[in-house]
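Structure below is work_14.pdb: PDB, N, CA, C and O atoms.
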```pdb
ATOM      1  N   MET A   1       4.676  26.984  -4.906
ATOM      2  CA  MET A   1       5.761  27.939  -4.947
ATOM      3  C   MET A   1       5.463  29.023  -3.922
ATOM      4  O   MET A   1       4.928  30.064  -4.233
ATOM      5  N   VAL A   2       5.831  28.758  -2.688
ATOM      6  CA  VAL A   2       5.550  29.694  -1.610
ATOM      7  C   VAL A   2       6.643  30.740  -1.507
ATOM      8  O   VAL A   2       6.387  31.921  -1.387
ATOM      9  N   SER A   3       7.895  30.315  -1.565
ATOM     10  CA  SER A   3       9.001  31.240  -1.335
ATOM     11  C   SER A   3       9.581  31.807  -2.627
ATOM     12  O   SER A   3      10.646  32.408  -2.602
ATOM     13  N   GLY A   4       8.945  31.604  -3.736
ATOM     14  CA  GLY A   4       9.458  32.113  -4.994
ATOM     15  C   GLY A   4      10.342  31.111  -5.729
ATOM     16  O   GLY A   4      10.788  31.364  -6.828
ATOM     17  N   ARG A   5      10.595  29.955  -5.095
ATOM     18  CA  ARG A   5      11.392  28.903  -5.729
ATOM     19  C   ARG A   5      10.472  27.756  -6.126
ATOM     20  O   ARG A   5       9.447  27.535  -5.490
ATOM     21  N   PRO A   6      10.845  27.031  -7.146
ATOM     22  CA  PRO A   6      10.018  25.876  -7.527
ATOM     23  C   PRO A   6       9.989  24.832  -6.416
ATOM     24  O   PRO A   6      10.935  24.723  -5.645
ATOM     25  N   ALA A   7       8.923  24.071  -6.355
ATOM     26  CA  ALA A   7       8.805  23.031  -5.341
ATOM     27  C   ALA A   7       9.885  21.977  -5.541
ATOM     28  O   ALA A   7      10.215  21.604  -6.663
ATOM     29  N   GLY A   8      10.449  21.497  -4.448
ATOM     30  CA  GLY A   8      11.463  20.456  -4.519
ATOM     31  C   GLY A   8      12.860  20.972  -4.740
ATOM     32  O   GLY A   8      13.773  20.189  -4.992
ATOM     33  N   SER A   9      13.071  22.269  -4.665
ATOM     34  CA  SER A   9      14.405  22.792  -4.929
ATOM     35  C   SER A   9      15.234  22.935  -3.660
ATOM     36  O   SER A   9      16.363  23.371  -3.718
ATOM     37  N   ASP A  10      14.686  22.569  -2.509
ATOM     38  CA  ASP A  10      15.458  22.678  -1.274
ATOM     39  C   ASP A  10      16.301  21.422  -1.060
ATOM     40  O   ASP A  10      16.078  20.378  -1.646
ATOM     41  N   SER A  11      17.297  21.513  -0.202
ATOM     42  CA  SER A  11      18.191  20.384   0.036
ATOM     43  C   SER A  11      17.489  19.276   0.818
ATOM     44  O   SER A  11      17.938  18.135   0.795
ATOM     45  N   GLY A  12      16.394  19.592   1.490
ATOM     46  CA  GLY A  12      15.655  18.573   2.222
ATOM     47  C   GLY A  12      15.078  17.505   1.311
ATOM     48  O   GLY A  12      14.946  16.352   1.697
ATOM     49  N   SER A  13      14.742  17.874   0.084
ATOM     50  CA  SER A  13      14.189  16.890  -0.843
ATOM     51  C   SER A  13      15.243  15.875  -1.260
ATOM     52  O   SER A  13      14.906  14.753  -1.621
ATOM     53  N   LEU A  14      16.515  16.245  -1.185
ATOM     54  CA  LEU A  14      17.582  15.296  -1.501
ATOM     55  C   LEU A  14      17.685  14.210  -0.439
ATOM     56  O   LEU A  14      18.159  13.118  -0.717
ATOM     57  N   VAL A  15      17.239  14.508   0.753
ATOM     58  CA  VAL A  15      17.242  13.518   1.824
ATOM     59  C   VAL A  15      15.920  12.770   1.859
ATOM     60  O   VAL A  15      15.897  11.554   2.052
ATOM     61  N   ARG A  16      14.815  13.477   1.657
ATOM     62  CA  ARG A  16      13.498  12.857   1.757
ATOM     63  C   ARG A  16      13.246  11.832   0.666
ATOM     64  O   ARG A  16      12.653  10.784   0.930
ATOM     65  N   PHE A  17      13.670  12.092  -0.549
ATOM     66  CA  PHE A  17      13.372  11.161  -1.639
ATOM     67  C   PHE A  17      13.964   9.778  -1.387
ATOM     68  O   PHE A  17      13.243   8.782  -1.450
ATOM     69  N   PRO A  18      15.265   9.652  -1.102
ATOM     70  CA  PRO A  18      15.793   8.313  -0.833
ATOM     71  C   PRO A  18      15.202   7.680   0.424
ATOM     72  O   PRO A  18      15.035   6.466   0.487
ATOM     73  N   SER A  19      14.856   8.493   1.413
ATOM     74  CA  SER A  19      14.294   7.930   2.638
ATOM     75  C   SER A  19      12.894   7.378   2.406
ATOM     76  O   SER A  19      12.406   6.582   3.204
ATOM     77  N   VAL A  20      12.237   7.783   1.349
ATOM     78  CA  VAL A  20      10.941   7.220   0.984
ATOM     79  C   VAL A  20      11.119   6.130  -0.075
ATOM     80  O   VAL A  20      10.467   5.081  -0.018
ATOM     81  N   ALA A  21      12.009   6.338  -1.019
ATOM     82  CA  ALA A  21      12.179   5.402  -2.133
ATOM     83  C   ALA A  21      12.719   4.045  -1.677
ATOM     84  O   ALA A  21      12.272   3.004  -2.174
ATOM     85  N   LEU A  22      13.634   4.026  -0.747
ATOM     86  CA  LEU A  22      14.211   2.753  -0.306
ATOM     87  C   LEU A  22      13.198   1.857   0.406
ATOM     88  O   LEU A  22      13.087   0.676   0.061
ATOM     89  N   PRO A  23      12.425   2.364   1.371
ATOM     90  CA  PRO A  23      11.410   1.493   1.979
ATOM     91  C   PRO A  23      10.335   1.039   0.987
ATOM     92  O   PRO A  23       9.849  -0.094   1.068
ATOM     93  N   VAL A  24       9.970   1.898   0.055
ATOM     94  CA  VAL A  24       8.965   1.515  -0.945
ATOM     95  C   VAL A  24       9.514   0.403  -1.832
ATOM     96  O   VAL A  24       8.801  -0.550  -2.168
ATOM     97  N   ASP A  25      10.789   0.481  -2.180
ATOM     98  CA  ASP A  25      11.418  -0.575  -2.981
ATOM     99  C   ASP A  25      11.430  -1.890  -2.218
ATOM    100  O   ASP A  25      11.096  -2.940  -2.765
ATOM    101  N   ARG A  26      11.788  -1.846  -0.949
ATOM    102  CA  ARG A  26      11.811  -3.073  -0.140
ATOM    103  C   ARG A  26      10.415  -3.659   0.020
ATOM    104  O   ARG A  26      10.234  -4.873  -0.029
ATOM    105  N   LEU A  27       9.434  -2.803   0.228
ATOM    106  CA  LEU A  27       8.055  -3.283   0.347
ATOM    107  C   LEU A  27       7.600  -3.939  -0.951
ATOM    108  O   LEU A  27       6.955  -4.981  -0.936
ATOM    109  N   GLY A  28       7.951  -3.325  -2.085
ATOM    110  CA  GLY A  28       7.591  -3.905  -3.377
ATOM    111  C   GLY A  28       8.220  -5.268  -3.587
ATOM    112  O   GLY A  28       7.581  -6.197  -4.075
ATOM    113  N   ARG A  29       9.479  -5.411  -3.195
ATOM    114  CA  ARG A  29      10.154  -6.711  -3.317
ATOM    115  C   ARG A  29       9.475  -7.757  -2.433
ATOM    116  O   ARG A  29       9.289  -8.900  -2.834
ATOM    117  N   THR A  30       9.116  -7.345  -1.219
ATOM    118  CA  THR A  30       8.467  -8.272  -0.291
ATOM    119  C   THR A  30       7.114  -8.707  -0.822
ATOM    120  O   THR A  30       6.765  -9.888  -0.768
ATOM    121  N   LEU A  31       6.344  -7.772  -1.356
ATOM    122  CA  LEU A  31       5.008  -8.111  -1.854
ATOM    123  C   LEU A  31       5.045  -8.954  -3.114
ATOM    124  O   LEU A  31       4.057  -9.607  -3.447
ATOM    125  N   ARG A  32       6.163  -8.962  -3.833
ATOM    126  CA  ARG A  32       6.269  -9.778  -5.041
ATOM    127  C   ARG A  32       6.682 -11.217  -4.754
ATOM    128  O   ARG A  32       6.657 -12.057  -5.658
ATOM    129  N   ARG A  33       7.034 -11.537  -3.516
ATOM    130  CA  ARG A  33       7.387 -12.921  -3.173
ATOM    131  C   ARG A  33       6.136 -13.784  -3.292
ATOM    132  O   ARG A  33       5.032 -13.373  -2.923
ATOM    133  N   PRO A  34       6.297 -15.015  -3.789
ATOM    134  CA  PRO A  34       5.124 -15.872  -3.990
ATOM    135  C   PRO A  34       4.325 -16.132  -2.704
ATOM    136  O   PRO A  34       3.090 -16.094  -2.724
ATOM    137  N   ARG A  35       5.003 -16.396  -1.612
ATOM    138  CA  ARG A  35       4.275 -16.698  -0.370
ATOM    139  C   ARG A  35       3.530 -15.466   0.137
ATOM    140  O   ARG A  35       2.361 -15.551   0.539
ATOM    141  N   THR A  36       4.199 -14.315   0.110
ATOM    142  CA  THR A  36       3.560 -13.078   0.566
ATOM    143  C   THR A  36       2.385 -12.734  -0.327
ATOM    144  O   THR A  36       1.318 -12.336   0.157
ATOM    145  N   ARG A  37       2.574 -12.889  -1.625
ATOM    146  CA  ARG A  37       1.490 -12.593  -2.572
ATOM    147  C   ARG A  37       0.278 -13.472  -2.303
ATOM    148  O   ARG A  37      -0.871 -13.013  -2.324
ATOM    149  N   GLY A  38       0.519 -14.753  -2.010
ATOM    150  CA  GLY A  38      -0.579 -15.666  -1.717
ATOM    151  C   GLY A  38      -1.339 -15.273  -0.461
ATOM    152  O   GLY A  38      -2.570 -15.334  -0.411
ATOM    153  N   VAL A  39      -0.598 -14.849   0.578
ATOM    154  CA  VAL A  39      -1.244 -14.432   1.817
ATOM    155  C   VAL A  39      -2.080 -13.180   1.582
ATOM    156  O   VAL A  39      -3.232 -13.089   2.031
ATOM    157  N   VAL A  40      -1.510 -12.215   0.866
ATOM    158  CA  VAL A  40      -2.238 -10.964   0.598
ATOM    159  C   VAL A  40      -3.485 -11.246  -0.231
ATOM    160  O   VAL A  40      -4.565 -10.711   0.056
ATOM    161  N   GLU A  41      -3.364 -12.097  -1.240
ATOM    162  CA  GLU A  41      -4.529 -12.417  -2.067
ATOM    163  C   GLU A  41      -5.583 -13.174  -1.271
ATOM    164  O   GLU A  41      -6.782 -12.956  -1.450
ATOM    165  N   GLY A  42      -5.147 -14.062  -0.362
ATOM    166  CA  GLY A  42      -6.103 -14.800   0.466
ATOM    167  C   GLY A  42      -6.867 -13.893   1.413
ATOM    168  O   GLY A  42      -8.085 -14.000   1.556
ATOM    169  N   VAL A  43      -6.144 -12.977   2.050
ATOM    170  CA  VAL A  43      -6.788 -12.051   2.986
ATOM    171  C   VAL A  43      -7.744 -11.118   2.251
ATOM    172  O   VAL A  43      -8.885 -10.898   2.680
ATOM    173  N   SER A  44      -7.286 -10.571   1.127
ATOM    174  CA  SER A  44      -8.164  -9.654   0.391
ATOM    175  C   SER A  44      -9.362 -10.396  -0.207
ATOM    176  O   SER A  44     -10.475  -9.861  -0.243
ATOM    177  N   GLY A  45      -9.153 -11.627  -0.647
ATOM    178  CA  GLY A  45     -10.273 -12.416  -1.167
ATOM    179  C   GLY A  45     -11.295 -12.724  -0.085
ATOM    180  O   GLY A  45     -12.505 -12.662  -0.314
ATOM    181  N   GLY A  46     -10.805 -13.057   1.114
ATOM    182  CA  GLY A  46     -11.717 -13.307   2.232
ATOM    183  C   GLY A  46     -12.503 -12.062   2.605
ATOM    184  O   GLY A  46     -13.708 -12.130   2.878
ATOM    185  N   ALA A  47     -11.813 -10.923   2.629
ATOM    186  CA  ALA A  47     -12.490  -9.667   2.967
ATOM    187  C   ALA A  47     -13.551  -9.331   1.926
ATOM    188  O   ALA A  47     -14.662  -8.902   2.274
ATOM    189  N   LEU A  48     -13.232  -9.528   0.656
ATOM    190  CA  LEU A  48     -14.226  -9.257  -0.389
ATOM    191  C   LEU A  48     -15.396 -10.227  -0.310
ATOM    192  O   LEU A  48     -16.548  -9.852  -0.573
ATOM    193  N   GLY A  49     -15.112 -11.469   0.054
ATOM    194  CA  GLY A  49     -16.194 -12.441   0.226
ATOM    195  C   GLY A  49     -17.141 -12.034   1.336
ATOM    196  O   GLY A  49     -18.365 -12.117   1.201
ATOM    197  N   VAL A  50     -16.578 -11.596   2.459
ATOM    198  CA  VAL A  50     -17.413 -11.143   3.580
ATOM    199  C   VAL A  50     -18.229  -9.926   3.176
ATOM    200  O   VAL A  50     -19.426  -9.830   3.484
ATOM    201  N   LEU A  51     -17.592  -8.983   2.487
ATOM    202  CA  LEU A  51     -18.324  -7.793   2.043
ATOM    203  C   LEU A  51     -19.422  -8.156   1.051
ATOM    204  O   LEU A  51     -20.481  -7.525   1.033
ATOM    205  N   GLY A  52     -19.188  -9.165   0.235
ATOM    206  CA  GLY A  52     -20.211  -9.582  -0.722
ATOM    207  C   GLY A  52     -21.368 -10.316  -0.066
ATOM    208  O   GLY A  52     -22.511 -10.231  -0.519
ATOM    209  N   LEU A  53     -21.070 -11.048   1.005
ATOM    210  CA  LEU A  53     -22.128 -11.798   1.682
ATOM    211  C   LEU A  53     -22.953 -10.945   2.638
ATOM    212  O   LEU A  53     -24.076 -11.310   2.977
ATOM    213  N   THR A  54     -22.412  -9.835   3.068
ATOM    214  CA  THR A  54     -23.119  -8.993   4.034
ATOM    215  C   THR A  54     -24.477  -8.528   3.527
ATOM    216  O   THR A  54     -25.483  -8.673   4.240
ATOM    217  N   PRO A  55     -24.603  -7.994   2.319
ATOM    218  CA  PRO A  55     -25.938  -7.568   1.850
ATOM    219  C   PRO A  55     -26.899  -8.740   1.667
ATOM    220  O   PRO A  55     -28.107  -8.594   1.808
ATOM    221  N   VAL A  56     -26.354  -9.922   1.381
ATOM    222  CA  VAL A  56     -27.217 -11.085   1.158
ATOM    223  C   VAL A  56     -27.758 -11.598   2.492
ATOM    224  O   VAL A  56     -28.925 -11.975   2.600
ATOM    225  N   THR A  57     -26.901 -11.628   3.512
ATOM    226  CA  THR A  57     -27.312 -12.214   4.796
ATOM    227  C   THR A  57     -27.976 -11.213   5.731
ATOM    228  O   THR A  57     -28.595 -11.611   6.712
ATOM    229  N   ALA A  58     -27.858  -9.924   5.473
ATOM    230  CA  ALA A  58     -28.434  -8.919   6.366
ATOM    231  C   ALA A  58     -29.942  -9.081   6.542
ATOM    232  O   ALA A  58     -30.429  -9.012   7.684
ATOM    233  N   PRO A  59     -30.725  -9.303   5.497
ATOM    234  CA  PRO A  59     -32.173  -9.492   5.697
ATOM    235  C   PRO A  59     -32.487 -10.750   6.507
ATOM    236  O   PRO A  59     -33.495 -10.800   7.200
ATOM    237  N   LEU A  60     -31.643 -11.756   6.437
ATOM    238  CA  LEU A  60     -31.899 -12.995   7.152
ATOM    239  C   LEU A  60     -31.679 -12.849   8.657
ATOM    240  O   LEU A  60     -32.256 -13.587   9.454
ATOM    241  N   LEU A  61     -30.829 -11.896   9.047
ATOM    242  CA  LEU A  61     -30.478 -11.729  10.441
ATOM    243  C   LEU A  61     -31.427 -10.770  11.175
ATOM    244  O   LEU A  61     -31.299 -10.583  12.372
ATOM    245  N   ARG A  62     -32.354 -10.182  10.503
ATOM    246  CA  ARG A  62     -33.281  -9.229  11.132
ATOM    247  C   ARG A  62     -34.409  -9.920  11.789
ATOM    248  O   ARG A  62     -34.852 -10.928  11.664
TER     249      ARG A  62
END
```
Would you write out, as C-alpha coordinates, the structure that this file holds?
Amino acid sequence: MVSGRPAGSDSGSLVRFPSVALPVDRLGRTLRRPRTRGVVEGVSGGALGVLGLTPVTAPLLR
(Lines of atoms letter the chains of each structure in order from A and count residues from 1; the text may use other names and numbers.)
(Lines give C-alpha, C1' and ligand atoms only; values in the text may rest on other atoms or scores of the structure.)
Protein backbone atom coordinates (compact mmCIF):
# COMPACT_ATOMS: atom_id res chain seq x y z
CA MET A 1 0.00 0.00 0.00
CA VAL A 2 2.23 2.75 -1.30
CA SER A 3 -0.31 5.36 -2.37
CA GLY A 4 -2.81 4.80 0.42
CA ARG A 5 -4.94 2.44 -1.70
CA PRO A 6 -5.04 -1.32 -1.36
CA ALA A 7 -2.89 -3.28 -3.79
CA GLY A 8 -4.65 -4.23 -7.01
CA SER A 9 -7.15 -1.40 -6.93
CA ASP A 10 -5.83 0.33 -10.06
CA SER A 11 -7.34 -0.16 -13.51
CA GLY A 12 -4.09 -1.70 -14.74
CA SER A 13 -4.81 -4.86 -12.78
CA LEU A 14 -7.99 -5.31 -14.81
CA VAL A 15 -5.82 -5.61 -17.90
CA ARG A 16 -2.89 -7.48 -16.37
CA PHE A 17 -4.88 -10.32 -14.83
CA PRO A 18 -6.47 -11.59 -18.07
CA SER A 19 -3.22 -11.04 -19.96
CA VAL A 20 -1.54 -13.46 -17.54
CA ALA A 21 -4.47 -15.83 -16.93
CA LEU A 22 -5.13 -16.65 -20.59
CA PRO A 23 -1.58 -17.77 -21.47
CA VAL A 24 -1.36 -19.76 -18.23
CA ASP A 25 -4.63 -21.51 -19.10
CA ARG A 26 -3.36 -22.36 -22.59
CA LEU A 27 -0.07 -23.63 -21.21
CA GLY A 28 -1.94 -25.81 -18.71
CA ARG A 29 -4.09 -27.29 -21.47
CA THR A 30 -1.00 -27.99 -23.58
CA LEU A 31 0.85 -29.66 -20.72
CA ARG A 32 -2.13 -31.92 -19.99
CA ARG A 33 -2.05 -33.46 -23.49
CA PRO A 34 -0.85 -37.07 -23.36
CA ARG A 35 1.94 -36.62 -25.90
CA THR A 36 3.23 -33.41 -24.31
CA ARG A 37 3.05 -34.96 -20.85
CA GLY A 38 5.08 -37.94 -22.05
CA VAL A 39 7.77 -35.71 -23.55
CA VAL A 40 8.00 -33.59 -20.39
CA GLU A 41 8.19 -36.68 -18.18
CA GLY A 42 10.85 -38.23 -20.43
CA VAL A 43 13.02 -35.12 -20.40
CA SER A 44 12.69 -34.60 -16.67
CA GLY A 45 13.33 -38.29 -16.00
CA GLY A 46 16.48 -38.18 -18.13
CA ALA A 47 17.69 -35.06 -16.36
CA LEU A 48 17.11 -36.65 -12.95
CA GLY A 49 18.91 -39.79 -14.09
CA VAL A 50 21.94 -37.76 -15.16
CA LEU A 51 21.91 -35.84 -11.88
CA GLY A 52 21.70 -39.12 -9.97
CA LEU A 53 24.57 -40.70 -11.88
CA THR A 54 26.89 -37.71 -11.56
CA PRO A 55 27.91 -38.34 -7.91
CA VAL A 56 28.37 -42.05 -8.65
CA THR A 57 30.56 -41.58 -11.73
CA ALA A 58 32.54 -38.54 -10.55
CA PRO A 59 35.12 -40.58 -8.56
CA LEU A 60 35.61 -42.88 -11.55
CA LEU A 61 36.49 -40.00 -13.87
CA ARG A 62 39.26 -38.56 -11.67
Checklist entry - Quick one: distance from CA of Val56 (chain A) to CA of Glu41 (chain A) in Å, one decimal? => result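 Pair CA of Val56 (chain A) / CA of Glu41 (chain A) returns 23.0 Å.
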Please return the centre and edge lengths, in Å to one decimal, of a box with edges along x, y and z that contains all listed atoms of region 52-58 of chain A, widened by 6 Å on every side, as lines of an AutoDock Vina configuration file.
```
center_x = -24.8
center_y = -9.9
center_z = 3.5
size_x = 23.2
size_y = 16.6
size_z = 20.4
```
Checklist entry - So which bits of chain A end up alpha helix (DSSP H) when you DSSP the backbone, as a ChimeraX atom specification? => result /A:12-31,34-57
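For the pair CA of Pro23 (chain A) and atom C of Arg35 (chain A), the separation is 18.8 Å.
CA of Val39 (chain A) lies 26.3 Å from CA of Thr57 (chain A).
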Return region 39-50 of chain A, completed with all heavy atoms, as a PDB file, in the coordinates of the input.
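To be explicit, this is the file written out as selection.pdb:
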```pdb
ATOM      1  N   VAL A  39      -0.598 -14.849   0.578  1.00  0.00           N
ATOM      2  CA  VAL A  39      -1.244 -14.432   1.817  1.00  0.00           C
ATOM      3  C   VAL A  39      -2.080 -13.180   1.582  1.00  0.00           C
ATOM      4  O   VAL A  39      -3.232 -13.089   2.031  1.00  0.00           O
ATOM      5  CB  VAL A  39      -0.188 -14.188   2.923  1.00  0.00           C
ATOM      6  CG1 VAL A  39      -0.808 -13.493   4.122  1.00  0.00           C
ATOM      7  CG2 VAL A  39       0.457 -15.500   3.338  1.00  0.00           C
ATOM      8  N   VAL A  40      -1.510 -12.215   0.866  1.00  0.00           N
ATOM      9  CA  VAL A  40      -2.238 -10.964   0.598  1.00  0.00           C
ATOM     10  C   VAL A  40      -3.485 -11.246  -0.231  1.00  0.00           C
ATOM     11  O   VAL A  40      -4.565 -10.711   0.056  1.00  0.00           O
ATOM     12  CB  VAL A  40      -1.320  -9.935  -0.099  1.00  0.00           C
ATOM     13  CG1 VAL A  40      -2.113  -8.749  -0.612  1.00  0.00           C
ATOM     14  CG2 VAL A  40      -0.234  -9.480   0.848  1.00  0.00           C
ATOM     15  N   GLU A  41      -3.364 -12.097  -1.240  1.00  0.00           N
ATOM     16  CA  GLU A  41      -4.529 -12.417  -2.067  1.00  0.00           C
ATOM     17  C   GLU A  41      -5.583 -13.174  -1.271  1.00  0.00           C
ATOM     18  O   GLU A  41      -6.782 -12.956  -1.450  1.00  0.00           O
ATOM     19  CB  GLU A  41      -4.104 -13.208  -3.288  1.00  0.00           C
ATOM     20  CG  GLU A  41      -3.375 -12.371  -4.311  1.00  0.00           C
ATOM     21  CD  GLU A  41      -2.989 -13.151  -5.554  1.00  0.00           C
ATOM     22  OE1 GLU A  41      -3.318 -14.355  -5.644  1.00  0.00           O
ATOM     23  OE2 GLU A  41      -2.357 -12.545  -6.431  1.00  0.00           O
ATOM     24  N   GLY A  42      -5.147 -14.062  -0.362  1.00  0.00           N
ATOM     25  CA  GLY A  42      -6.103 -14.800   0.466  1.00  0.00           C
ATOM     26  C   GLY A  42      -6.867 -13.893   1.413  1.00  0.00           C
ATOM     27  O   GLY A  42      -8.085 -14.000   1.556  1.00  0.00           O
ATOM     28  N   VAL A  43      -6.144 -12.977   2.050  1.00  0.00           N
ATOM     29  CA  VAL A  43      -6.788 -12.051   2.986  1.00  0.00           C
ATOM     30  C   VAL A  43      -7.744 -11.118   2.251  1.00  0.00           C
ATOM     31  O   VAL A  43      -8.885 -10.898   2.680  1.00  0.00           O
ATOM     32  CB  VAL A  43      -5.724 -11.254   3.775  1.00  0.00           C
ATOM     33  CG1 VAL A  43      -6.353 -10.109   4.547  1.00  0.00           C
ATOM     34  CG2 VAL A  43      -4.967 -12.179   4.714  1.00  0.00           C
ATOM     35  N   SER A  44      -7.286 -10.571   1.127  1.00  0.00           N
ATOM     36  CA  SER A  44      -8.164  -9.654   0.391  1.00  0.00           C
ATOM     37  C   SER A  44      -9.362 -10.396  -0.207  1.00  0.00           C
ATOM     38  O   SER A  44     -10.475  -9.861  -0.243  1.00  0.00           O
ATOM     39  CB  SER A  44      -7.389  -8.909  -0.700  1.00  0.00           C
ATOM     40  OG  SER A  44      -6.873  -9.814  -1.651  1.00  0.00           O
ATOM     41  N   GLY A  45      -9.153 -11.627  -0.647  1.00  0.00           N
ATOM     42  CA  GLY A  45     -10.273 -12.416  -1.167  1.00  0.00           C
ATOM     43  C   GLY A  45     -11.295 -12.724  -0.085  1.00  0.00           C
ATOM     44  O   GLY A  45     -12.505 -12.662  -0.314  1.00  0.00           O
ATOM     45  N   GLY A  46     -10.805 -13.057   1.114  1.00  0.00           N
ATOM     46  CA  GLY A  46     -11.717 -13.307   2.232  1.00  0.00           C
ATOM     47  C   GLY A  46     -12.503 -12.062   2.605  1.00  0.00           C
ATOM     48  O   GLY A  46     -13.708 -12.130   2.878  1.00  0.00           O
ATOM     49  N   ALA A  47     -11.813 -10.923   2.629  1.00  0.00           N
ATOM     50  CA  ALA A  47     -12.490  -9.667   2.967  1.00  0.00           C
ATOM     51  C   ALA A  47     -13.551  -9.331   1.926  1.00  0.00           C
ATOM     52  O   ALA A  47     -14.662  -8.902   2.274  1.00  0.00           O
ATOM     53  CB  ALA A  47     -11.472  -8.532   3.071  1.00  0.00           C
ATOM     54  N   LEU A  48     -13.232  -9.528   0.656  1.00  0.00           N
ATOM     55  CA  LEU A  48     -14.226  -9.257  -0.389  1.00  0.00           C
ATOM     56  C   LEU A  48     -15.396 -10.227  -0.310  1.00  0.00           C
ATOM     57  O   LEU A  48     -16.548  -9.852  -0.573  1.00  0.00           O
ATOM     58  CB  LEU A  48     -13.568  -9.332  -1.772  1.00  0.00           C
ATOM     59  CG  LEU A  48     -12.655  -8.170  -2.123  1.00  0.00           C
ATOM     60  CD1 LEU A  48     -11.930  -8.448  -3.434  1.00  0.00           C
ATOM     61  CD2 LEU A  48     -13.436  -6.878  -2.217  1.00  0.00           C
ATOM     62  N   GLY A  49     -15.112 -11.469   0.054  1.00  0.00           N
ATOM     63  CA  GLY A  49     -16.194 -12.441   0.226  1.00  0.00           C
ATOM     64  C   GLY A  49     -17.141 -12.034   1.336  1.00  0.00           C
ATOM     65  O   GLY A  49     -18.365 -12.117   1.201  1.00  0.00           O
ATOM     66  N   VAL A  50     -16.578 -11.596   2.459  1.00  0.00           N
ATOM     67  CA  VAL A  50     -17.413 -11.143   3.580  1.00  0.00           C
ATOM     68  C   VAL A  50     -18.229  -9.926   3.176  1.00  0.00           C
ATOM     69  O   VAL A  50     -19.426  -9.830   3.484  1.00  0.00           O
ATOM     70  CB  VAL A  50     -16.539 -10.843   4.814  1.00  0.00           C
ATOM     71  CG1 VAL A  50     -17.318 -10.112   5.878  1.00  0.00           C
ATOM     72  CG2 VAL A  50     -15.955 -12.136   5.368  1.00  0.00           C
TER      73      VAL A  50
END
```
